[in-house]
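Dumped input.cif below, it's mmCIF, C-alpha atoms:
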data_start
loop_
_atom_site.label_atom_id
_atom_site.label_comp_id
_atom_site.auth_asym_id
_atom_site.auth_seq_id
_atom_site.Cartn_x
_atom_site.Cartn_y
_atom_site.Cartn_z
CA MET A 18 31.76 -26.18 9.01
CA GLU A 19 28.50 -26.22 10.99
CA ASP A 20 25.95 -29.03 11.31
CA PHE A 21 23.03 -28.68 8.89
CA ARG A 22 19.97 -30.34 7.39
CA PHE A 23 19.00 -29.96 3.76
CA GLN A 24 15.82 -30.97 1.96
CA ASN A 25 14.12 -29.46 -1.06
CA SER A 26 11.23 -31.18 -2.80
CA THR A 27 10.43 -28.69 -5.59
CA ASP A 28 9.93 -30.35 -8.98
CA ILE A 29 11.88 -28.21 -11.48
CA ARG A 30 10.81 -28.14 -15.14
CA PHE A 31 13.59 -26.16 -16.85
CA GLY A 32 13.61 -25.31 -20.55
CA LYS A 33 11.58 -24.27 -23.56
CA HIS A 34 8.76 -26.77 -23.95
CA HIS A 35 7.42 -27.77 -20.55
CA ILE A 36 4.66 -25.19 -20.03
CA ASP A 37 2.41 -26.03 -22.98
CA GLU A 38 2.91 -29.78 -22.61
CA GLU A 39 2.91 -30.23 -18.84
CA LEU A 40 1.23 -27.33 -17.04
CA HIS A 41 -2.30 -28.75 -17.00
CA ASP A 42 -1.36 -32.01 -15.31
CA ALA A 43 1.12 -30.31 -12.97
CA VAL A 44 -1.73 -28.14 -11.64
CA ALA A 45 -4.65 -30.61 -11.90
CA GLN A 46 -2.89 -33.24 -9.79
CA PHE A 47 -3.72 -31.06 -6.78
CA GLY A 48 -7.38 -30.33 -7.58
CA GLN A 49 -9.82 -28.49 -9.81
CA ASN A 50 -10.04 -25.10 -8.08
CA VAL A 51 -7.10 -22.89 -9.07
CA LEU A 52 -6.12 -19.43 -7.84
CA LEU A 53 -4.12 -17.78 -10.64
CA THR A 54 -1.91 -15.00 -9.30
CA TYR A 55 0.06 -12.48 -11.33
CA GLY A 56 1.25 -8.88 -11.36
CA GLY A 57 0.51 -6.25 -13.97
CA GLY A 58 -0.45 -6.65 -17.60
CA SER A 59 2.87 -7.92 -18.93
CA ILE A 60 1.82 -11.57 -19.08
CA LYS A 61 -1.17 -10.57 -21.19
CA LYS A 62 0.90 -8.43 -23.56
CA SER A 63 3.43 -11.23 -24.01
CA GLY A 64 0.78 -13.87 -24.72
CA LEU A 65 1.75 -15.94 -21.68
CA TYR A 66 -1.64 -15.41 -20.05
CA ASP A 67 -3.42 -16.93 -23.06
CA ARG A 68 -1.03 -19.89 -23.06
CA VAL A 69 -1.69 -20.48 -19.38
CA MET A 70 -5.47 -20.23 -19.70
CA LYS A 71 -5.44 -22.62 -22.65
CA ALA A 72 -3.43 -25.11 -20.63
CA LEU A 73 -5.85 -24.81 -17.70
CA ALA A 74 -8.92 -25.62 -19.82
CA GLY A 75 -11.43 -27.65 -17.82
CA LEU A 76 -10.28 -26.32 -14.45
CA HIS A 77 -12.08 -23.71 -12.33
CA VAL A 78 -9.78 -20.66 -12.33
CA VAL A 79 -10.08 -17.65 -10.02
CA GLU A 80 -7.75 -14.73 -10.70
CA LEU A 81 -5.83 -12.39 -8.42
CA SER A 82 -3.94 -9.74 -10.41
CA GLY A 83 -2.06 -6.59 -9.49
CA ILE A 84 0.51 -8.07 -7.11
CA ALA A 85 3.15 -5.36 -6.93
CA PRO A 86 6.93 -5.43 -6.60
CA ASN A 87 7.79 -5.47 -2.90
CA PRO A 88 4.45 -7.31 -2.51
CA LYS A 89 2.01 -5.64 -0.16
CA ILE A 90 -0.06 -7.25 2.57
CA ASP A 91 -3.30 -6.05 0.97
CA SER A 92 -2.77 -8.49 -1.92
CA ILE A 93 -2.22 -11.30 0.57
CA ARG A 94 -5.45 -10.43 2.36
CA GLU A 95 -7.35 -10.37 -0.92
CA GLY A 96 -5.86 -13.73 -1.90
CA GLN A 97 -6.74 -15.20 1.49
CA LYS A 98 -10.39 -14.26 0.98
CA LEU A 99 -10.48 -15.70 -2.55
CA ALA A 100 -8.83 -18.92 -1.40
CA LYS A 101 -11.43 -19.40 1.33
CA ASP A 102 -14.49 -18.28 -0.69
CA HIS A 103 -13.68 -20.55 -3.64
CA ASP A 104 -12.19 -23.46 -1.67
CA ILE A 105 -8.98 -23.21 -3.67
CA ASP A 106 -6.95 -26.42 -4.08
CA VAL A 107 -3.79 -25.03 -5.67
CA VAL A 108 -2.19 -21.65 -6.34
CA LEU A 109 -0.66 -21.05 -9.78
CA SER A 110 1.76 -18.13 -9.60
CA VAL A 111 2.88 -16.49 -12.85
CA GLY A 112 5.54 -13.81 -12.45
CA GLY A 113 8.71 -12.96 -10.62
CA GLY A 114 9.71 -13.35 -7.01
CA SER A 115 7.18 -10.84 -5.70
CA VAL A 116 4.23 -12.76 -7.13
CA ILE A 117 5.61 -16.10 -5.93
CA ASP A 118 6.37 -14.70 -2.47
CA ALA A 119 2.80 -13.44 -2.14
CA SER A 120 1.41 -16.72 -3.42
CA LYS A 121 3.23 -18.78 -0.81
CA VAL A 122 1.78 -16.69 2.02
CA ILE A 123 -1.69 -16.84 0.45
CA ALA A 124 -1.29 -20.62 0.26
CA SER A 125 -0.87 -20.65 4.04
CA ALA A 126 -3.48 -17.97 4.68
CA LYS A 127 -6.30 -20.16 3.36
CA PHE A 128 -5.95 -22.21 6.54
CA TYR A 129 -5.63 -19.23 8.88
CA ASN A 130 -8.65 -17.43 10.31
CA GLY A 131 -6.86 -14.31 11.54
CA ASP A 132 -5.25 -11.38 9.75
CA ALA A 133 -2.79 -12.58 7.12
CA TRP A 134 -0.18 -10.13 8.45
CA ASP A 135 0.16 -12.42 11.48
CA LEU A 136 1.76 -14.99 9.18
CA VAL A 137 4.41 -12.44 8.23
CA ALA A 138 4.92 -10.63 11.52
CA ASP A 139 6.11 -13.70 13.42
CA ARG A 140 8.40 -14.58 10.50
CA GLY A 141 6.98 -18.09 10.26
CA SER A 142 8.16 -19.13 13.69
CA GLN A 143 4.70 -20.00 15.00
CA SER A 144 1.57 -19.37 12.97
CA ARG A 145 2.78 -20.29 9.46
CA ALA A 146 4.88 -23.19 10.64
CA ASN A 147 1.92 -24.76 12.42
CA ILE A 148 -0.73 -24.61 9.70
CA ASP A 149 -1.11 -26.29 6.34
CA GLN A 150 -0.13 -24.74 3.01
CA LEU A 151 -1.76 -25.19 -0.38
CA PRO A 152 0.48 -26.51 -3.16
CA VAL A 153 2.03 -23.71 -5.20
CA VAL A 154 2.89 -24.16 -8.87
CA ASP A 155 4.81 -21.30 -10.44
CA ILE A 156 5.89 -20.04 -13.84
CA LEU A 157 8.91 -17.80 -13.40
CA THR A 158 9.24 -14.65 -15.51
CA LEU A 159 12.12 -12.84 -13.76
CA SER A 160 15.47 -14.21 -12.58
CA ALA A 161 16.28 -12.76 -9.17
CA THR A 162 14.91 -13.94 -5.85
CA GLY A 163 15.04 -17.74 -6.05
CA SER A 164 11.52 -17.82 -4.58
CA GLU A 165 10.66 -20.57 -7.07
CA MET A 166 12.63 -23.15 -5.03
CA ASN A 167 12.52 -22.00 -1.43
CA ALA A 168 10.02 -21.57 1.41
CA GLY A 169 10.66 -17.87 2.01
CA SER A 170 8.61 -14.78 1.26
CA VAL A 171 9.27 -11.07 1.78
CA ILE A 172 6.15 -8.98 2.33
CA SER A 173 5.66 -5.23 2.90
CA ASN A 174 3.16 -3.48 5.12
CA PRO A 175 3.12 0.18 3.96
CA GLU A 176 0.90 1.25 6.85
CA LEU A 177 3.61 0.20 9.31
CA ASN A 178 6.65 0.94 7.08
CA ILE A 179 7.74 -2.67 7.61
CA LYS A 180 9.16 -5.18 5.16
CA LEU A 181 9.77 -8.65 6.59
CA GLY A 182 10.94 -12.04 5.49
CA THR A 183 8.84 -15.00 6.61
CA TYR A 184 9.01 -18.75 6.06
CA GLY A 185 6.38 -21.38 5.43
CA PRO A 186 6.44 -25.14 5.75
CA LYS A 187 6.84 -25.91 2.03
CA THR A 188 8.71 -24.88 -1.09
CA PRO A 189 6.71 -24.62 -4.34
CA ALA A 190 5.51 -28.00 -5.53
CA VAL A 191 6.38 -27.47 -9.20
CA SER A 192 8.36 -24.66 -10.83
CA PHE A 193 8.43 -24.00 -14.57
CA LEU A 194 11.63 -22.21 -15.56
CA ASP A 195 11.70 -21.13 -19.21
CA PRO A 196 14.51 -18.63 -19.89
CA GLN A 197 12.65 -17.37 -22.98
CA LEU A 198 10.06 -15.77 -20.69
CA THR A 199 12.73 -13.36 -19.46
CA TYR A 200 13.68 -12.03 -22.92
CA SER A 201 11.31 -9.07 -22.49
CA VAL A 202 12.54 -8.11 -19.01
CA SER A 203 13.78 -4.51 -19.05
CA LYS A 204 17.43 -3.59 -18.64
CA TRP A 205 16.63 -2.04 -15.26
CA GLN A 206 15.00 -5.21 -13.93
CA THR A 207 17.63 -7.45 -15.52
CA ALA A 208 20.39 -5.49 -13.79
CA ALA A 209 18.52 -5.39 -10.49
CA GLY A 210 17.73 -9.08 -10.67
CA SER A 211 21.30 -9.98 -11.52
CA PHE A 212 22.61 -8.14 -8.53
CA ASP A 213 19.93 -9.64 -6.32
CA ILE A 214 21.35 -13.05 -7.29
CA PHE A 215 24.89 -11.87 -6.57
CA SER A 216 23.83 -10.41 -3.23
CA HIS A 217 22.23 -13.68 -2.16
CA LEU A 218 25.55 -15.32 -2.85
CA THR A 219 27.67 -12.75 -1.00
CA GLU A 220 25.38 -12.90 2.03
CA GLN A 221 26.03 -16.64 2.26
CA TYR A 222 29.70 -16.54 1.24
CA PHE A 223 30.85 -14.11 3.92
CA ASP A 224 30.11 -16.34 6.87
CA ARG A 225 31.70 -17.15 10.22
CA SER A 226 31.86 -20.89 9.59
CA THR A 227 35.34 -22.29 9.00
CA ALA A 228 36.69 -24.91 6.56
CA ASN A 229 33.43 -24.87 4.60
CA ASP A 230 35.27 -25.23 1.31
CA VAL A 231 32.62 -27.20 -0.61
CA THR A 232 29.93 -24.58 -0.09
CA ALA A 233 32.37 -21.70 -0.63
CA GLY A 234 33.54 -23.23 -3.92
CA ILE A 235 29.98 -23.69 -5.15
CA ILE A 236 29.22 -20.04 -4.38
CA GLU A 237 32.38 -18.82 -6.11
CA GLY A 238 31.39 -20.67 -9.28
CA MET A 239 27.91 -19.16 -9.23
CA MET A 240 29.33 -15.69 -8.64
CA ARG A 241 31.60 -16.02 -11.67
CA SER A 242 28.61 -17.10 -13.74
CA VAL A 243 26.54 -14.04 -12.78
CA ILE A 244 29.51 -11.73 -13.43
CA LYS A 245 29.93 -13.26 -16.89
CA TRP A 246 26.34 -13.51 -18.06
CA ALA A 247 24.61 -10.42 -16.65
CA PRO A 248 26.35 -7.97 -19.02
CA ILE A 249 25.59 -10.26 -21.96
CA ALA A 250 21.89 -10.39 -21.04
CA LEU A 251 21.85 -6.59 -20.91
CA LYS A 252 23.42 -6.27 -24.37
CA GLU A 253 21.60 -9.23 -25.95
CA PRO A 254 18.20 -9.59 -24.23
CA ASP A 255 17.26 -12.68 -26.25
CA ASN A 256 20.52 -14.54 -25.66
CA TYR A 257 19.21 -17.87 -24.41
CA ASP A 258 22.44 -18.95 -22.73
CA ALA A 259 22.70 -15.70 -20.78
CA ARG A 260 19.09 -15.84 -19.64
CA ALA A 261 19.34 -19.55 -18.82
CA ASN A 262 22.45 -19.13 -16.68
CA LEU A 263 20.92 -16.21 -14.79
CA MET A 264 17.68 -18.09 -14.24
CA TRP A 265 19.31 -21.26 -12.95
CA GLY A 266 21.81 -19.20 -10.97
CA ALA A 267 18.99 -17.36 -9.21
CA THR A 268 17.30 -20.63 -8.33
CA MET A 269 20.46 -22.32 -7.11
CA ALA A 270 21.60 -19.30 -5.11
CA LEU A 271 18.69 -19.53 -2.71
CA ASN A 272 17.39 -23.11 -2.67
CA GLY A 273 19.39 -24.04 0.42
CA ILE A 274 22.55 -25.43 -1.18
CA ALA A 275 24.59 -22.25 -0.75
CA ARG A 276 23.87 -21.94 2.96
CA SER A 277 24.80 -25.51 3.85
CA GLY A 278 27.22 -25.57 6.76
CA ASN A 279 26.94 -21.84 7.42
CA ALA A 280 26.96 -20.25 10.85
CA ASN A 281 25.29 -16.83 10.72
CA GLY A 282 22.49 -14.87 9.10
CA TRP A 283 22.49 -12.04 6.58
CA THR A 284 23.43 -8.40 6.96
CA VAL A 285 22.76 -6.28 3.87
CA HIS A 286 19.24 -7.60 3.25
CA PRO A 287 17.70 -6.36 6.51
CA ILE A 288 19.44 -3.03 5.97
CA GLU A 289 18.04 -2.76 2.45
CA HIS A 290 14.59 -3.94 3.47
CA GLU A 291 14.27 -0.72 5.45
CA LEU A 292 15.01 1.32 2.33
CA SER A 293 12.34 -0.60 0.42
CA ALA A 294 9.86 -0.35 3.28
CA TYR A 295 10.15 3.43 3.54
CA TYR A 296 10.84 4.38 -0.08
CA ASP A 297 9.57 1.38 -2.11
CA ILE A 298 12.73 1.25 -4.23
CA THR A 299 13.76 -1.71 -6.39
CA HIS A 300 15.24 -4.28 -4.01
CA GLY A 301 18.19 -5.39 -6.17
CA VAL A 302 19.18 -1.79 -6.81
CA GLY A 303 19.18 -1.00 -3.11
CA LEU A 304 21.38 -4.03 -2.51
CA GLY A 305 23.75 -2.89 -5.25
CA ILE A 306 24.17 0.51 -3.60
CA LEU A 307 24.68 -0.85 -0.09
CA THR A 308 26.84 -3.92 -0.65
CA PRO A 309 30.20 -2.31 -1.54
CA ARG A 310 29.86 0.03 1.44
CA TRP A 311 29.12 -2.92 3.72
CA MET A 312 32.17 -4.72 2.32
CA LYS A 313 34.38 -1.78 3.24
CA ARG A 314 32.93 -1.75 6.74
CA ALA A 315 33.35 -5.53 7.12
CA LEU A 316 36.98 -5.60 5.96
CA SER A 317 39.42 -5.98 8.85
CA ALA A 318 42.49 -7.95 9.84
CA GLU A 319 40.13 -10.77 10.89
CA THR A 320 38.15 -10.86 7.64
CA GLU A 321 40.72 -9.92 5.01
CA GLY A 322 41.56 -13.58 4.35
CA LYS A 323 38.01 -14.30 3.14
CA PHE A 324 37.88 -11.11 1.13
CA ALA A 325 41.24 -11.99 -0.44
CA ARG A 326 39.92 -15.43 -1.37
CA PHE A 327 36.91 -13.68 -2.90
CA GLY A 328 39.31 -11.53 -4.94
CA ARG A 329 41.42 -14.42 -6.16
CA GLU A 330 38.70 -17.01 -6.83
CA VAL A 331 35.93 -14.74 -8.10
CA TRP A 332 37.73 -11.73 -9.61
CA HIS A 333 40.94 -13.58 -10.67
CA LEU A 334 43.15 -11.10 -8.84
CA THR A 335 46.77 -12.01 -8.15
CA GLY A 336 49.28 -11.01 -5.53
CA ASP A 337 50.57 -12.03 -2.11
CA ASN A 338 49.23 -9.18 0.02
CA ASP A 339 45.80 -10.24 1.30
CA HIS A 340 44.73 -6.76 2.33
CA GLU A 341 45.54 -5.27 -1.07
CA ILE A 342 43.73 -8.09 -2.86
CA ALA A 343 40.72 -7.63 -0.57
CA GLU A 344 40.52 -3.91 -1.30
CA LYS A 345 40.85 -4.50 -5.03
CA ALA A 346 38.07 -7.12 -4.85
CA ILE A 347 35.72 -4.64 -3.21
CA GLN A 348 36.51 -2.04 -5.87
CA ALA A 349 36.02 -4.66 -8.62
CA THR A 350 32.60 -5.47 -7.15
CA TYR A 351 31.65 -1.78 -7.14
CA ASP A 352 32.88 -1.33 -10.73
CA TRP A 353 30.92 -4.35 -11.96
CA ILE A 354 27.71 -3.18 -10.29
CA LYS A 355 28.18 0.26 -11.85
CA SER A 356 28.76 -1.35 -15.27
CA LEU A 357 25.23 -2.76 -15.05
CA ASP A 358 23.92 0.85 -14.97
CA ILE A 359 22.75 0.54 -11.40
CA PRO A 360 22.84 3.96 -9.71
CA MET A 361 25.54 3.85 -7.08
CA THR A 362 24.16 6.36 -4.57
CA LEU A 363 20.89 6.72 -2.69
CA GLY A 364 20.36 9.98 -4.53
CA GLY A 365 20.20 7.92 -7.72
CA VAL A 366 16.98 6.35 -6.42
CA ASP A 367 15.63 9.70 -5.16
CA ILE A 368 16.55 9.26 -1.49
CA ASN A 369 18.01 12.68 -0.78
CA THR A 370 17.44 12.97 2.95
CA ASP A 371 18.84 11.30 6.05
CA GLU A 372 15.64 11.99 8.00
CA LYS A 373 14.79 8.30 8.45
CA PHE A 374 18.29 6.84 8.72
CA VAL A 375 18.32 6.37 12.49
CA GLU A 376 14.83 4.91 12.55
CA MET A 377 15.66 2.52 9.71
CA ALA A 378 18.97 1.52 11.27
CA GLN A 379 17.33 0.72 14.59
CA GLU A 380 14.83 -1.58 12.91
CA ALA A 381 17.45 -3.27 10.71
CA VAL A 382 19.64 -4.03 13.72
CA ARG A 383 16.66 -5.30 15.72
CA ILE A 384 15.31 -7.57 12.99
CA GLY A 385 18.69 -8.88 11.85
CA HIS A 386 20.25 -9.08 15.33
CA LEU A 387 23.16 -7.32 13.65
CA ASP A 388 24.77 -6.27 16.92
CA GLN A 389 24.50 -9.76 18.41
CA GLY A 390 26.25 -12.02 15.92
CA GLY A 391 23.40 -12.09 13.42
CA GLY A 392 25.66 -11.23 10.50
CA TYR A 393 29.22 -11.74 9.33
CA VAL A 394 30.48 -8.85 11.47
CA ASN A 395 28.63 -7.08 14.24
CA LEU A 396 27.00 -3.75 13.35
CA THR A 397 25.55 -1.23 15.76
CA VAL A 398 22.83 1.27 14.94
CA ASP A 399 25.54 3.90 14.44
CA ASP A 400 27.34 1.57 12.01
CA VAL A 401 24.20 1.12 9.92
CA VAL A 402 23.50 4.86 9.90
CA ALA A 403 27.08 5.33 8.67
CA LEU A 404 26.42 2.80 5.88
CA TYR A 405 23.36 4.75 4.76
CA GLN A 406 25.39 7.96 4.86
CA ALA A 407 28.28 6.41 2.92
CA SER A 408 25.76 5.22 0.33
CA SER A 409 24.82 8.82 -0.35
CA THR A 410 28.20 9.61 -1.92
CA VAL A 411 30.73 7.97 -4.23
CA GLU A 412 33.57 8.89 -1.89
CA GLY A 413 36.02 6.05 -1.49
CA PHE A 414 35.17 4.40 -4.80
CA GLU A 415 35.64 7.02 -7.52
#

Would you write the structure of this file as structure tokens?
Amino acid sequence: MEDFRFQNSTDIRFGKHHIDEELHDAVAQFGQNVLLTYGGGSIKKSGLYDRVMKALAGLHVVELSGIAPNPKIDSIREGQKLAKDHDIDVVLSVGGGSVIDASKVIASAKFYNGDAWDLVADRGSQSRANIDQLPVVDILTLSATGSEMNAGSVISNPELNIKLGTYGPKTPAVSFLDPQLTYSVSKWQTAAGSFDIFSHLTEQYFDRSTANDVTAGIIEGMMRSVIKWAPIALKEPDNYDARANLMWGATMALNGIARSGNANGWTVHPIEHELSAYYDITHGVGLGILTPRWMKRALSAETEGKFARFGREVWHLTGDNDHEIAEKAIQATYDWIKSLDIPMTLGGVDINTDEKFVEMAQEAVRIGHLDQGGGYVNLTVDDVVALYQASSTVEGFE
């Protein structure tokens, strides 16, 4: 178990009644000038927009709409200008992880006089870490990224075919988590979000640290919860318990608890970020396609013990042969992802060419330091190309 520090100051308001009763004061405590950020028209169709505007009565509200999935740098630049022109005091983000991610970078960009992409390109190591950040209040409408309780953001630059994670100095100040707001989330996004949660957990579970049983046990419990509740949410979209467990699971998976005592970084996310950067696919779906193939590549005599524990503690598999249990656990993971109606090949998301595989693999390895101990097992460019190729067929799983 490695040394670590943990601090998270986000004020969570979880449940059915907090928004109407508490949103005004939660925002107004930071000032009168509010930048309201959101995506498409769904919050207006659902009535959430009207609820929010009613709660913000008396405050000066400036709106930034149209923030897209895989949020683009152009929205950050637009938000930066609005924040400066209107001397914004607080950002209110209404949406899923993409909207919240964008809002956190905008909150830093108000205090930065250069191009907002600078705050992403250095991944928070210099520019974002050394400037202030506006308070961010968010209302979550999609369970997936955990952005509502962490300092990270993932931003795309289509002009450069780059998608990068960056970190700011603060987590959101207040997060409103009402599971009812996710009742209308489509089956596609529910499935993708559910696997995004599961992927965050696997990235932190398969780690080079040793004897980190507390963290591993926490992750195993959260994995079992996602496995249980995701299919129920797909069948019963307005099942409160299913939506609540997925929402809290998403938040807990990426608020810092599940990485405590860990040794290395992530592997599948930088590999998938290249798919999203080039083809703008749904992030959780890309992770669902890649993860079982990565597991097969990562399985070895050195790692089979952890994979066997994964099989026994998460999938309830029995038996004495660790390698057999590990292989069955990987197949069980694949079968569960498929049961969520996630397409299990790149062709299923209309990626039918290997033209960019080498270029994407080179960037994934560079960004993730995958050949230098950055992930659970080392991967070369050729290894990542092979993962992309393996993800183009069901061979080995069906």

* **Residues matched by the PyMOL selection byres ((chain A and resi 290-293) around 10) as a PyMOL selection string** => chain A and resi 87+171-173+175+178-182+285-289+294-300+303-304+363+368+373-374+376-381+405

Those residues you just picked out, can you put them in a file as a PDB file, in the coordinates of the input with C-alpha atoms?
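out-v5.pdb written:
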ATOM      1  CA  ASN A  87       7.790  -5.470  -2.900  1.00  0.00           C
ATOM      2  CA  VAL A 171       9.270 -11.070   1.780  1.00  0.00           C
ATOM      3  CA  ILE A 172       6.150  -8.980   2.330  1.00  0.00           C
ATOM      4  CA  SER A 173       5.660  -5.230   2.900  1.00  0.00           C
ATOM      5  CA  PRO A 175       3.120   0.180   3.960  1.00  0.00           C
ATOM      6  CA  ASN A 178       6.650   0.940   7.080  1.00  0.00           C
ATOM      7  CA  ILE A 179       7.740  -2.670   7.610  1.00  0.00           C
ATOM      8  CA  LYS A 180       9.160  -5.180   5.160  1.00  0.00           C
ATOM      9  CA  LEU A 181       9.770  -8.650   6.590  1.00  0.00           C
ATOM     10  CA  GLY A 182      10.940 -12.040   5.490  1.00  0.00           C
ATOM     11  CA  VAL A 285      22.760  -6.280   3.870  1.00  0.00           C
ATOM     12  CA  HIS A 286      19.240  -7.600   3.250  1.00  0.00           C
ATOM     13  CA  PRO A 287      17.700  -6.360   6.510  1.00  0.00           C
ATOM     14  CA  ILE A 288      19.440  -3.030   5.970  1.00  0.00           C
ATOM     15  CA  GLU A 289      18.040  -2.760   2.450  1.00  0.00           C
ATOM     16  CA  ALA A 294       9.860  -0.350   3.280  1.00  0.00           C
ATOM     17  CA  TYR A 295      10.150   3.430   3.540  1.00  0.00           C
ATOM     18  CA  TYR A 296      10.840   4.380  -0.080  1.00  0.00           C
ATOM     19  CA  ASP A 297       9.570   1.380  -2.110  1.00  0.00           C
ATOM     20  CA  ILE A 298      12.730   1.250  -4.230  1.00  0.00           C
ATOM     21  CA  THR A 299      13.760  -1.710  -6.390  1.00  0.00           C
ATOM     22  CA  HIS A 300      15.240  -4.280  -4.010  1.00  0.00           C
ATOM     23  CA  GLY A 303      19.180  -1.000  -3.110  1.00  0.00           C
ATOM     24  CA  LEU A 304      21.380  -4.030  -2.510  1.00  0.00           C
ATOM     25  CA  LEU A 363      20.890   6.720  -2.690  1.00  0.00           C
ATOM     26  CA  ILE A 368      16.550   9.260  -1.490  1.00  0.00           C
ATOM     27  CA  LYS A 373      14.790   8.300   8.450  1.00  0.00           C
ATOM     28  CA  PHE A 374      18.290   6.840   8.720  1.00  0.00           C
ATOM     29  CA  GLU A 376      14.830   4.910  12.550  1.00  0.00           C
ATOM     30  CA  MET A 377      15.660   2.520   9.710  1.00  0.00           C
ATOM     31  CA  ALA A 378      18.970   1.520  11.270  1.00  0.00           C
ATOM     32  CA  GLN A 379      17.330   0.720  14.590  1.00  0.00           C
ATOM     33  CA  GLU A 380      14.830  -1.580  12.910  1.00  0.00           C
ATOM     34  CA  ALA A 381      17.450  -3.270  10.710  1.00  0.00           C
ATOM     35  CA  TYR A 405      23.360   4.750   4.760  1.00  0.00           C
TER      36      TYR A 405
END

* To do: Quick one: apply the PyMOL selection byres ((chain A and resi 269) around 10) to the file and drop the selected residues here as a ChimeraX atom specification.
  => /A:163,165-167,214,218,235-236,239,263-268,270-275

* Run the PyMOL selection byres ((chain A and resi 393) around 12) on the file and write out the hits as a PyMOL selection string. => chain A and resi 219-226+279-285+311-312+314-317+319-320+323-324+385-392+394-396

* Asked: Got a sec to check which residues sit within 9 Å of (24.6, 9.6, 3.7), counting only C-alpha atoms, and write them as a PyMOL selection string?
  -> chain A and resi 362-363+369-371+374+402-410

* Atom-to-atom span, CA of Asn130 in chain A and CA of Gly185 in chain A, Å ->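 Distance reported for this atom pair: 16.3 Å.
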
* Excluding Arg94 in chain A and any residue of its chain fewer than 4 positions from it, enumerate the residues within 12 Å of it, using all atoms listed in the file, and give them as a ChimeraX atom specification. => /A:81,84,88-90,98-101,119-120,122-127,129-137,172,174
